[in-house]
Amino acid sequence: MKIEEKLIAKIKEHALFAVLLDPDSSESDAFLETGKMAFESGADLILVGGSLIGNANLPKKIAELKKSMDIPIILFPGGASQVVPGFDAMLFTSLVSGRNPQYLIEEQLRGGLMVKALGIEAFPTAYMLINSGPATTVEYISNTRPIPADKPKLTMAHAIAAELMGMRWTYLEAGSGAENPVPLEHIILTRKATSLNIIAGGGITTPQDATKRVKAGANVIVTGTIWEKNLDLNLMKEFAGAVHLG
Ligand code: 1GP
């Protein structure tokens, strides 16, 4: 069974809790430690990626991480150069909320052949950046304007277009370390209008934030920055419980 099918089968039972590991912003040991803790806490998947990665040892780190868990390790790439061996699957993202051709199709063109060559299973994902306060790294690096926080219908309209183009997932992103998580209305309208699997991330810092987004219709909750600040197993378990119970 493909990873995507397995995740979708699990989503039918409960929302999924994901921990994002950024190979650059974590200390080398923290990358593995956080990954192992995520598995222990009951996380359903690990995402690995970042806007910029300067780590030449990523495939080795992924191989090491894999030894200590049996949940999927999924690439969430900031660009084509991050397509390297070892991942179980990847989010094949297009930054559909932006109008920068580099992140709509060019990085995909550059990375696609490598995805095929490596045989990585890819989930077609409409990536949307939603305004969350001060500018985030992804906003700056992607050189795109986020969807205004008070315009959830714009998110819904992009999601409808993405679904009609054959995408199966959407990632509603406030940005790493965002001041505010994605507002609920963006999730609610996207849920009502599409059957896309909805991933929500950016600025989620409490289990309550997570629960609210699951109740709004999110299928996967992503947390990253919080674990760089406070690597606490009990808090991670609380998050997993909150997401699973939704
Ligand atoms: C960033 O959505 C992810 O791409 C996670 O965000 O680091 O704020 O948890 P945080």
# chains A, B, ... in the order shown; residues from 1 in each chain; ligands from 1

$ residues_near_ligand --ligand "ligand 1" --cutoff "10 Å" --atoms "only C-alpha atoms and all ligand atoms" --output "PyMOL selection string"
chain A and resi 18-22+47-51+76-78+129+136-138+171-182+199-205+221-228

$ select_by_dssp --residues "stretch 21-70 of chain A" --states "alpha helix (DSSP H)" --output "MDAnalysis selection string"
chainID A and resid 28:41 58:67

$ write_last_selection --atoms "N, CA and C atoms" --output "PDB file, in the first residue's frame"
ATOM      1  N   SER A  28      22.704  19.462  15.204  1.00  0.00           N
ATOM      2  CA  SER A  28      22.747  18.150  14.577  1.00  0.00           C
ATOM      3  C   SER A  28      22.058  17.092  15.441  1.00  0.00           C
ATOM      4  N   ASP A  29      22.375  17.082  16.731  1.00  0.00           N
ATOM      5  CA  ASP A  29      21.797  16.078  17.620  1.00  0.00           C
ATOM      6  C   ASP A  29      20.304  16.321  17.816  1.00  0.00           C
ATOM      7  N   ALA A  30      19.916  17.593  17.842  1.00  0.00           N
ATOM      8  CA  ALA A  30      18.515  17.937  18.082  1.00  0.00           C
ATOM      9  C   ALA A  30      17.623  17.404  16.961  1.00  0.00           C
ATOM     10  N   PHE A  31      18.144  17.343  15.761  1.00  0.00           N
ATOM     11  CA  PHE A  31      17.375  16.822  14.629  1.00  0.00           C
ATOM     12  C   PHE A  31      16.923  15.385  14.930  1.00  0.00           C
ATOM     13  N   LEU A  32      17.894  14.559  15.320  1.00  0.00           N
ATOM     14  CA  LEU A  32      17.566  13.158  15.615  1.00  0.00           C
ATOM     15  C   LEU A  32      16.747  13.027  16.899  1.00  0.00           C
ATOM     16  N   GLU A  33      17.138  13.801  17.883  1.00  0.00           N
ATOM     17  CA  GLU A  33      16.450  13.733  19.177  1.00  0.00           C
ATOM     18  C   GLU A  33      14.970  14.121  19.022  1.00  0.00           C
ATOM     19  N   THR A  34      14.727  15.196  18.264  1.00  0.00           N
ATOM     20  CA  THR A  34      13.348  15.648  18.071  1.00  0.00           C
ATOM     21  C   THR A  34      12.563  14.599  17.285  1.00  0.00           C
ATOM     22  N   GLY A  35      13.197  14.033  16.267  1.00  0.00           N
ATOM     23  CA  GLY A  35      12.536  13.007  15.461  1.00  0.00           C
ATOM     24  C   GLY A  35      12.152  11.802  16.311  1.00  0.00           C
ATOM     25  N   LYS A  36      13.097  11.347  17.134  1.00  0.00           N
ATOM     26  CA  LYS A  36      12.822  10.176  17.990  1.00  0.00           C
ATOM     27  C   LYS A  36      11.702  10.479  18.982  1.00  0.00           C
ATOM     28  N   MET A  37      11.764  11.698  19.529  1.00  0.00           N
ATOM     29  CA  MET A  37      10.738  12.093  20.499  1.00  0.00           C
ATOM     30  C   MET A  37       9.360  12.151  19.829  1.00  0.00           C
ATOM     31  N   ALA A  38       9.349  12.611  18.601  1.00  0.00           N
ATOM     32  CA  ALA A  38       8.080  12.695  17.864  1.00  0.00           C
ATOM     33  C   ALA A  38       7.466  11.306  17.740  1.00  0.00           C
ATOM     34  N   PHE A  39       8.295  10.338  17.411  1.00  0.00           N
ATOM     35  CA  PHE A  39       7.812   8.957  17.266  1.00  0.00           C
ATOM     36  C   PHE A  39       7.268   8.457  18.603  1.00  0.00           C
ATOM     37  N   GLU A  40       8.033   8.725  19.656  1.00  0.00           N
ATOM     38  CA  GLU A  40       7.643   8.281  21.000  1.00  0.00           C
ATOM     39  C   GLU A  40       6.334   8.951  21.447  1.00  0.00           C
ATOM     40  N   SER A  41       6.132  10.180  21.014  1.00  0.00           N
ATOM     41  CA  SER A  41       4.952  10.939  21.474  1.00  0.00           C
ATOM     42  C   SER A  41       3.656  10.480  20.815  1.00  0.00           C
ATOM     43  N   LEU A  58      22.210  15.523   4.611  1.00  0.00           N
ATOM     44  CA  LEU A  58      20.793  15.225   4.816  1.00  0.00           C
ATOM     45  C   LEU A  58      20.448  13.745   4.563  1.00  0.00           C
ATOM     46  N   PRO A  59      20.876  13.140   3.428  1.00  0.00           N
ATOM     47  CA  PRO A  59      20.509  11.730   3.224  1.00  0.00           C
ATOM     48  C   PRO A  59      20.984  10.828   4.368  1.00  0.00           C
ATOM     49  N   LYS A  60      22.163  11.120   4.923  1.00  0.00           N
ATOM     50  CA  LYS A  60      22.684  10.316   6.036  1.00  0.00           C
ATOM     51  C   LYS A  60      21.810  10.482   7.281  1.00  0.00           C
ATOM     52  N   LYS A  61      21.414  11.738   7.512  1.00  0.00           N
ATOM     53  CA  LYS A  61      20.566  12.010   8.687  1.00  0.00           C
ATOM     54  C   LYS A  61      19.216  11.311   8.569  1.00  0.00           C
ATOM     55  N   ILE A  62      18.673  11.330   7.359  1.00  0.00           N
ATOM     56  CA  ILE A  62      17.375  10.686   7.141  1.00  0.00           C
ATOM     57  C   ILE A  62      17.508   9.182   7.381  1.00  0.00           C
ATOM     58  N   ALA A  63      18.590   8.601   6.864  1.00  0.00           N
ATOM     59  CA  ALA A  63      18.811   7.162   7.048  1.00  0.00           C
ATOM     60  C   ALA A  63      18.911   6.841   8.536  1.00  0.00           C
ATOM     61  N   GLU A  64      19.594   7.684   9.293  1.00  0.00           N
ATOM     62  CA  GLU A  64      19.736   7.465  10.742  1.00  0.00           C
ATOM     63  C   GLU A  64      18.387   7.554  11.447  1.00  0.00           C
ATOM     64  N   LEU A  65      17.626   8.585  11.050  1.00  0.00           N
ATOM     65  CA  LEU A  65      16.307   8.814  11.649  1.00  0.00           C
ATOM     66  C   LEU A  65      15.394   7.606  11.416  1.00  0.00           C
ATOM     67  N   LYS A  66      15.490   7.072  10.217  1.00  0.00           N
ATOM     68  CA  LYS A  66      14.634   5.955   9.818  1.00  0.00           C
ATOM     69  C   LYS A  66      14.823   4.735  10.714  1.00  0.00           C
ATOM     70  N   LYS A  67      16.063   4.556  11.186  1.00  0.00           N
ATOM     71  CA  LYS A  67      16.367   3.379  12.008  1.00  0.00           C
ATOM     72  C   LYS A  67      15.541   3.352  13.279  1.00  0.00           C
TER      73      LYS A  67
END

$ residues_around --residues "A:Leu184" --least-positions-apart "2" --cutoff "12 Å" --atoms "only C-alpha atoms" --output "ChimeraX atom specification"
/A:130,149-153,155,172,174,180-182,186-191,200-201,209-218

$ write_last_selection --atoms "C-alpha atoms" --output "short mmCIF file (atom, residue, chain, number, x, y, z; two decimals), in the first residue's frame"
data_model
loop_
_atom_site.label_atom_id
_atom_site.label_comp_id
_atom_site.auth_asym_id
_atom_site.auth_seq_id
_atom_site.Cartn_x
_atom_site.Cartn_y
_atom_site.Cartn_z
CA ILE A 130 -1.68 33.03 4.60
CA ALA A 149 -5.85 36.85 6.91
CA ASP A 150 -9.32 38.38 6.59
CA LYS A 151 -9.96 36.96 3.09
CA PRO A 152 -10.74 33.26 3.67
CA LYS A 153 -12.77 33.10 0.48
CA THR A 155 -8.05 30.60 0.12
CA LEU A 172 -2.44 26.14 4.62
CA ALA A 174 1.11 30.72 8.26
CA ASN A 180 -0.58 33.80 14.54
CA PRO A 181 -1.65 30.41 13.19
CA VAL A 182 -3.85 30.14 10.09
CA HIS A 186 -9.70 29.65 5.94
CA ILE A 187 -9.79 26.00 7.01
CA ILE A 188 -13.57 25.93 7.42
CA LEU A 189 -14.30 27.31 3.94
CA THR A 190 -11.69 25.08 2.27
CA ARG A 191 -13.16 22.04 4.04
CA ALA A 200 -2.35 23.31 8.63
CA GLY A 201 0.89 24.67 10.02
CA ASP A 209 -4.59 25.85 18.75
CA ALA A 210 -4.30 22.37 17.25
CA THR A 211 -7.71 21.16 18.45
CA LYS A 212 -9.45 24.23 17.05
CA ARG A 213 -7.91 23.63 13.62
CA VAL A 214 -8.87 19.97 13.64
CA LYS A 215 -12.44 20.90 14.54
CA ALA A 216 -12.39 23.44 11.68
CA GLY A 217 -11.56 20.60 9.28
CA ALA A 218 -7.78 20.24 9.15
#

$ select_by_dssp --residues "stretch 62-191 of chain A" --states "strand (DSSP E)" --output "list in words"
Ile73, Ile74, Leu75, Ala89, Met90, Leu91, Phe92, Thr93, Ser94, Leu95, Glu121, Ala122, Phe123, Pro124, Thr125, Ala126, Tyr127, Met128, Leu129, Trp169, Thr170, Tyr171, Leu172 and Glu173 of chain A

$ write_last_selection --atoms "N, CA, C and O atoms" --output "compact mmCIF listing (two decimals), in the first residue's frame"
# COMPACT_ATOMS: atom_id res chain seq x y z
N ILE A 73 8.65 9.31 6.87
CA ILE A 73 9.48 10.52 6.90
C ILE A 73 9.31 11.18 5.53
O ILE A 73 9.70 10.61 4.49
N ILE A 74 8.68 12.33 5.55
CA ILE A 74 8.20 12.94 4.30
C ILE A 74 8.91 14.26 4.05
O ILE A 74 8.98 15.12 4.94
N LEU A 75 9.41 14.40 2.84
CA LEU A 75 10.09 15.64 2.45
C LEU A 75 9.06 16.74 2.17
O LEU A 75 8.06 16.52 1.47
N ALA A 89 8.35 9.54 1.17
CA ALA A 89 7.42 10.22 0.25
C ALA A 89 7.74 11.71 0.32
O ALA A 89 8.61 12.13 1.09
N MET A 90 7.05 12.49 -0.49
CA MET A 90 7.24 13.94 -0.42
C MET A 90 5.96 14.67 -0.75
O MET A 90 5.08 14.15 -1.45
N LEU A 91 5.84 15.89 -0.21
CA LEU A 91 4.77 16.78 -0.64
C LEU A 91 5.31 17.45 -1.91
O LEU A 91 6.33 18.14 -1.85
N PHE A 92 4.67 17.21 -3.03
CA PHE A 92 5.11 17.87 -4.28
C PHE A 92 4.29 19.15 -4.37
O PHE A 92 3.16 19.18 -4.85
N THR A 93 4.88 20.21 -3.81
CA THR A 93 4.13 21.45 -3.61
C THR A 93 4.24 22.42 -4.78
O THR A 93 5.26 22.47 -5.47
N SER A 94 3.16 23.18 -4.96
CA SER A 94 3.21 24.35 -5.84
C SER A 94 2.63 25.49 -5.01
O SER A 94 1.57 25.34 -4.39
N LEU A 95 3.34 26.60 -4.97
CA LEU A 95 2.91 27.73 -4.13
C LEU A 95 1.83 28.50 -4.88
O LEU A 95 2.07 29.54 -5.49
N GLU A 121 7.62 8.64 -3.79
CA GLU A 121 6.17 8.84 -3.92
C GLU A 121 5.85 10.31 -3.63
O GLU A 121 6.30 10.85 -2.62
N ALA A 122 5.09 10.94 -4.52
CA ALA A 122 4.83 12.39 -4.38
C ALA A 122 3.34 12.67 -4.22
O ALA A 122 2.53 12.11 -4.96
N PHE A 123 3.00 13.52 -3.24
CA PHE A 123 1.60 13.91 -3.06
C PHE A 123 1.43 15.30 -3.68
O PHE A 123 2.04 16.27 -3.20
N PRO A 124 0.58 15.45 -4.70
CA PRO A 124 0.39 16.78 -5.29
C PRO A 124 -0.29 17.72 -4.31
O PRO A 124 -1.40 17.46 -3.85
N THR A 125 0.39 18.80 -3.96
CA THR A 125 -0.04 19.64 -2.84
C THR A 125 -0.09 21.12 -3.22
O THR A 125 0.91 21.69 -3.67
N ALA A 126 -1.25 21.72 -3.02
CA ALA A 126 -1.41 23.17 -3.22
C ALA A 126 -0.95 23.87 -1.95
O ALA A 126 -1.61 23.77 -0.91
N TYR A 127 0.18 24.53 -2.05
CA TYR A 127 0.76 25.20 -0.88
C TYR A 127 0.28 26.65 -0.88
O TYR A 127 0.40 27.35 -1.88
N MET A 128 -0.30 27.07 0.24
CA MET A 128 -0.82 28.44 0.30
C MET A 128 -0.28 29.14 1.53
O MET A 128 -0.33 28.60 2.64
N LEU A 129 0.18 30.33 1.28
CA LEU A 129 0.73 31.15 2.35
C LEU A 129 -0.34 32.15 2.78
O LEU A 129 -0.90 32.87 1.94
N TRP A 169 -3.96 17.37 -2.00
CA TRP A 169 -3.64 17.92 -0.68
C TRP A 169 -3.51 19.44 -0.78
O TRP A 169 -3.14 19.97 -1.83
N THR A 170 -3.79 20.11 0.32
CA THR A 170 -3.44 21.53 0.39
C THR A 170 -2.78 21.79 1.74
O THR A 170 -3.15 21.18 2.75
N TYR A 171 -1.79 22.66 1.73
CA TYR A 171 -1.07 23.01 2.95
C TYR A 171 -1.34 24.48 3.22
O TYR A 171 -0.90 25.34 2.46
N LEU A 172 -2.13 24.76 4.26
CA LEU A 172 -2.44 26.14 4.62
C LEU A 172 -1.39 26.58 5.64
O LEU A 172 -1.37 26.11 6.78
N GLU A 173 -0.54 27.46 5.18
CA GLU A 173 0.71 27.79 5.88
C GLU A 173 0.71 29.23 6.40
O GLU A 173 0.49 30.17 5.63

$ closest_residue --among "A:Ala80, A:Leu231, A:Val220, A:Met165" --to "A:His14" --atoms "only C-alpha atoms"
A:Val220

$ atom_distance --atom1 "atom CA of A:Asp44" --atom2 "atom CA of A:Ser97"
27.1 Å
